[in-house]
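> See protein-v7.csv below, with CSV, C-alpha atoms.
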chain,number,residue,atom,x,y,z
T,893,MET,CA,-59.2,-17.1,-38.5
T,894,PHE,CA,-56.6,-19.8,-37.8
T,895,GLY,CA,-53.7,-17.5,-38.8
T,896,ILE,CA,-54.9,-14.7,-36.6
T,897,THR,CA,-55.2,-17.0,-33.6
T,898,LYS,CA,-51.6,-18.3,-34.1
T,899,TYR,CA,-50.4,-14.7,-34.6
T,900,LEU,CA,-52.0,-13.6,-31.3
T,901,GLU,CA,-50.7,-16.6,-29.4
T,902,GLY,CA,-47.2,-15.9,-30.7
T,903,LEU,CA,-47.5,-12.2,-29.7
T,904,SER,CA,-48.7,-13.2,-26.3
T,905,HIS,CA,-45.9,-15.7,-25.9
T,906,LEU,CA,-43.4,-12.9,-26.8
T,907,PHE,CA,-44.5,-10.7,-23.9
T,908,TYR,CA,-45.8,-13.3,-21.5
T,909,PRO,CA,-43.9,-16.6,-22.2
T,910,LYS,CA,-44.9,-19.7,-20.4
T,911,LEU,CA,-42.0,-20.8,-18.2
T,912,CYS,CA,-40.7,-24.2,-17.2
T,913,ALA,CA,-42.0,-24.9,-13.7
T,914,VAL,CA,-38.5,-26.0,-12.6
T,915,CYS,CA,-35.8,-23.9,-14.4
T,916,LYS,CA,-38.0,-21.0,-15.5
T,917,THR,CA,-36.8,-21.0,-19.1
T,918,ALA,CA,-39.3,-20.1,-21.7
T,919,LEU,CA,-41.3,-23.1,-23.0
T,920,ILE,CA,-41.4,-23.8,-26.7
T,921,HIS,CA,-44.3,-25.1,-28.7
T,922,GLN,CA,-45.6,-28.5,-27.4
T,923,GLU,CA,-43.9,-28.2,-24.0
T,924,GLU,CA,-46.5,-28.0,-21.3
T,925,VAL,CA,-45.1,-27.7,-17.8
T,926,LEU,CA,-41.4,-28.7,-18.1
T,927,CYS,CA,-38.9,-27.8,-20.7
T,928,LEU,CA,-37.4,-30.8,-22.6
T,929,SER,CA,-34.2,-30.6,-20.5
T,930,CYS,CA,-36.1,-30.8,-17.2
T,931,GLU,CA,-38.4,-33.5,-18.4
T,932,PHE,CA,-35.3,-35.5,-19.4
T,933,ASP,CA,-33.9,-35.0,-15.9
T,934,MET,CA,-37.2,-35.9,-14.1
T,935,PRO,CA,-36.5,-38.9,-11.9
T,936,PHE,CA,-39.0,-41.3,-13.4
T,937,THR,CA,-39.0,-44.8,-11.9
T,938,HIS,CA,-40.2,-46.8,-14.9
T,939,PHE,CA,-41.6,-49.2,-12.3
T,940,HIS,CA,-44.6,-49.8,-14.6
T,941,LYS,CA,-42.2,-51.9,-16.7
T,942,HIS,CA,-41.1,-54.2,-13.9
T,943,PRO,CA,-43.7,-56.2,-11.9
T,944,TYR,CA,-41.2,-56.7,-9.0
T,945,ASN,CA,-40.0,-53.2,-8.2
T,946,GLU,CA,-39.1,-51.0,-5.2
T,947,ALA,CA,-42.7,-49.8,-4.7
T,948,VAL,CA,-43.8,-53.5,-4.4
T,949,SER,CA,-41.1,-54.2,-1.8
T,950,ARG,CA,-41.8,-51.0,0.2
T,951,LEU,CA,-45.5,-51.7,0.4
T,952,SER,CA,-45.4,-55.4,0.9
T,953,GLY,CA,-47.0,-56.6,4.1
T,954,ARG,CA,-48.6,-53.2,4.8
T,955,PHE,CA,-51.9,-54.0,3.1
T,956,PRO,CA,-53.1,-56.5,0.4
T,957,PHE,CA,-52.4,-55.6,-3.2
T,958,VAL,CA,-51.4,-57.4,-6.4
T,959,GLN,CA,-49.1,-54.9,-8.0
T,960,ALA,CA,-47.7,-51.4,-7.3
T,961,ALA,CA,-45.7,-48.7,-9.0
T,962,SER,CA,-44.9,-45.1,-8.7
T,963,LEU,CA,-44.3,-42.5,-11.4
T,964,ALA,CA,-41.1,-40.8,-10.1
T,965,TYR,CA,-38.7,-40.8,-7.2
T,966,PHE,CA,-39.2,-38.1,-4.5
T,967,HIS,CA,-36.1,-36.5,-3.1
T,968,GLU,CA,-36.2,-33.6,-0.6
T,969,GLU,CA,-35.4,-30.4,-2.4
T,970,GLY,CA,-35.7,-32.3,-5.7
T,971,MET,CA,-37.6,-31.6,-8.9
T,972,LEU,CA,-40.7,-33.6,-8.0
T,973,GLN,CA,-40.9,-31.8,-4.6
T,974,GLN,CA,-40.8,-28.5,-6.4
T,975,LEU,CA,-43.6,-29.5,-8.7
T,976,ILE,CA,-45.7,-30.9,-5.9
T,977,HIS,CA,-45.3,-27.8,-3.8
T,978,GLN,CA,-46.3,-25.6,-6.7
T,979,LEU,CA,-49.4,-27.7,-7.3
T,980,LYS,CA,-50.3,-27.8,-3.6
T,981,TYR,CA,-49.5,-24.3,-2.3
T,982,GLN,CA,-49.6,-22.2,-5.4
T,983,GLN,CA,-52.6,-23.9,-7.0
T,984,GLN,CA,-50.7,-24.6,-10.2
T,985,LEU,CA,-53.3,-27.2,-11.4
T,986,ASN,CA,-51.6,-27.5,-14.8
T,987,ILE,CA,-48.9,-29.4,-12.9
T,988,GLY,CA,-51.4,-31.9,-11.6
T,989,ARG,CA,-52.8,-32.4,-15.1
T,990,TYR,CA,-49.2,-32.8,-16.5
T,991,LEU,CA,-48.2,-35.4,-13.9
T,992,GLY,CA,-51.5,-37.2,-14.4
T,993,LYS,CA,-50.9,-37.4,-18.2
T,994,GLN,CA,-47.4,-38.7,-17.5
T,995,LEU,CA,-48.8,-41.4,-15.2
T,996,GLY,CA,-51.5,-42.3,-17.8
T,997,LYS,CA,-48.8,-42.7,-20.5
T,998,ALA,CA,-46.7,-44.9,-18.2
T,999,LEU,CA,-49.6,-47.1,-17.2
T,1000,LEU,CA,-50.7,-47.6,-20.9
T,1001,ASP,CA,-47.2,-49.1,-21.3
T,1002,ALA,CA,-47.3,-51.2,-18.2
T,1003,THR,CA,-46.3,-54.9,-18.5
T,1004,TRP,CA,-49.2,-55.8,-16.2
T,1005,LYS,CA,-52.9,-55.1,-16.1
T,1006,VAL,CA,-53.9,-51.9,-14.3
T,1007,ASP,CA,-57.3,-52.1,-12.6
T,1008,ALA,CA,-57.2,-48.9,-10.5
T,1009,VAL,CA,-55.1,-45.9,-9.5
T,1010,VAL,CA,-55.3,-45.2,-5.8
T,1011,VAL,CA,-54.5,-41.8,-4.3
T,1012,ILE,CA,-53.1,-41.3,-0.8
T,1013,PRO,CA,-55.9,-39.9,1.4
T,1014,LEU,CA,-55.6,-36.3,2.6
T,1015,HIS,CA,-56.6,-35.1,6.0
T,1016,LYS,CA,-60.0,-33.3,5.9
T,1017,LYS,CA,-58.5,-30.0,7.3
T,1018,LYS,CA,-55.8,-29.9,4.6
T,1019,GLU,CA,-58.3,-30.7,1.9
T,1020,ALA,CA,-60.6,-27.9,3.1
T,1021,LEU,CA,-57.6,-25.5,3.1
T,1022,ARG,CA,-56.3,-26.4,-0.3
T,1023,ARG,CA,-59.7,-27.4,-1.9
T,1024,PHE,CA,-58.1,-30.6,-3.3
Before anything else, please render the file you have as structure tokens.

Amino acid sequence: MFGITKYLEGLSHLFYPKLCAVCKTALIHQEEVLCLSCEFDMPFTHFHKHPYNEAVSRLSGRFPFVQAASLAYFHEEGMLQQLIHQLKYQQQLNIGRYLGKQLGKALLDATWKVDAVVVIPLHKKKEALRRF
């Protein structure tokens, strides 16, 4: 049974390969959303390793918090914007799961205790339109 499943997956990948969400090259085994090259180029901040980081300085004085971090830098027309647009407007939910896993891995490695992850609220009309 296991051999047949692997064979069918391989055959399916031959005709309908999963593509990198950014560069559109065929993904290989164990690549989820991004190819290794694009994942290497992802502008991760690594703020979880530094208690005093840019996220802390940008949010300071806006509301009370103990610590802050962000997963990646956002640049207009950049890789993260491409991923977020595919998630939001093309309902590519696998991208949301991928980014969530990346954030989870980063926070497990944080140099400070993580009590909560807070999302940025979305306007009710946009939430109704996109369903998330």
> Using all atoms listed in the file, which of the listed residues (T:Phe932, T:Trp1004, T:Tyr981, T:Tyr908) sits closest to T:Ala960?
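Smallest separation from T:Ala960 among the options: T:Trp1004.
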> For T:Ala964, list every protein, DNA or RNA residue within 10 Å, evaluated using all atoms listed in the file, and leave out those in the same chain fewer than 3 positions away; present the list as a list in words.
Met934, Pro935, Phe936, Thr937, His938, Phe939, Ala961, His967, Met971, Leu972, Leu991, Gln994 and Leu995 of chain T
> What is the distance, in Å and to one decimal place, between atom CA of T:Val914 and atom CA of T:Leu975?
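Separation between atom CA of T:Val914 and atom CA of T:Leu975: 7.3 Å.
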> Just the number, please: distance in Å from atom CA of T:Lys916 to atom CA of T:Leu979, one decimal.
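One can read the atom CA of T:Lys916 to atom CA of T:Leu979 distance as 15.6 Å.
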> Hey, what's within 12 Å of T:Lys980 if we count all atoms listed in the file and toss same-chain stuff fewer than 4 positions away? As a CSV table (one decimal) with C-alpha atoms, in the frame of the given file, please?

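Full text of selection38.csv as output:
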chain,number,residue,atom,x,y,z
T,973,GLN,CA,-40.9,-31.8,-4.6
T,974,GLN,CA,-40.8,-28.5,-6.4
T,975,LEU,CA,-43.6,-29.5,-8.7
T,976,ILE,CA,-45.7,-30.9,-5.9
T,984,GLN,CA,-50.7,-24.6,-10.2
T,985,LEU,CA,-53.3,-27.2,-11.4
T,986,ASN,CA,-51.6,-27.5,-14.8
T,987,ILE,CA,-48.9,-29.4,-12.9
T,988,GLY,CA,-51.4,-31.9,-11.6
T,1014,LEU,CA,-55.6,-36.3,2.6
T,1018,LYS,CA,-55.8,-29.9,4.6
T,1019,GLU,CA,-58.3,-30.7,1.9
T,1021,LEU,CA,-57.6,-25.5,3.1
T,1022,ARG,CA,-56.3,-26.4,-0.3
T,1023,ARG,CA,-59.7,-27.4,-1.9
T,1024,PHE,CA,-58.1,-30.6,-3.3
> What is the distance between atom CA of T:His942 and atom CA of T:Gln959, in Å to one decimal?
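Computing it gives 10.0 Å between the two atoms.
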> With all atoms listed in the file as the counted atoms, please give the residues lying no more than 7 Å from T:Val925, apart from itself and same-chain residues fewer than 2 positions off, as a list in words.
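Listed by chain and then number, they are Cys912, Ala913, Glu923, Cys927, Ile987 and Tyr990 of chain T.
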> Considering all atoms listed in the file, state which residue in the set T:Cys915, T:Ile896, T:Leu963, T:Leu928 is at the smallest distance from T:Leu999.
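The answer is T:Leu963, which sits nearest to T:Leu999.
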> Considering only C-alpha atoms, state which residue in the set T:Gln983, T:Ser962, T:Thr917, T:Thr897 is at the smallest distance from T:Gly996.
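The shortest atom-to-atom distance to T:Gly996 comes from T:Ser962.
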> Set the distance at 9 Å and use all atoms listed in the file: which residues neighbour T:Ile920 once local chain neighbours fewer than 4 positions away are removed? I'd like the list as a compact mmCIF listing (two decimals) with C-alpha atoms, in the coordinates of the input.

# COMPACT_ATOMS: atom_id res chain seq x y z
CA PRO T 909 -43.90 -16.60 -22.20
CA LYS T 910 -44.90 -19.70 -20.40
CA GLU T 924 -46.50 -28.00 -21.30
CA CYS T 927 -38.90 -27.80 -20.70
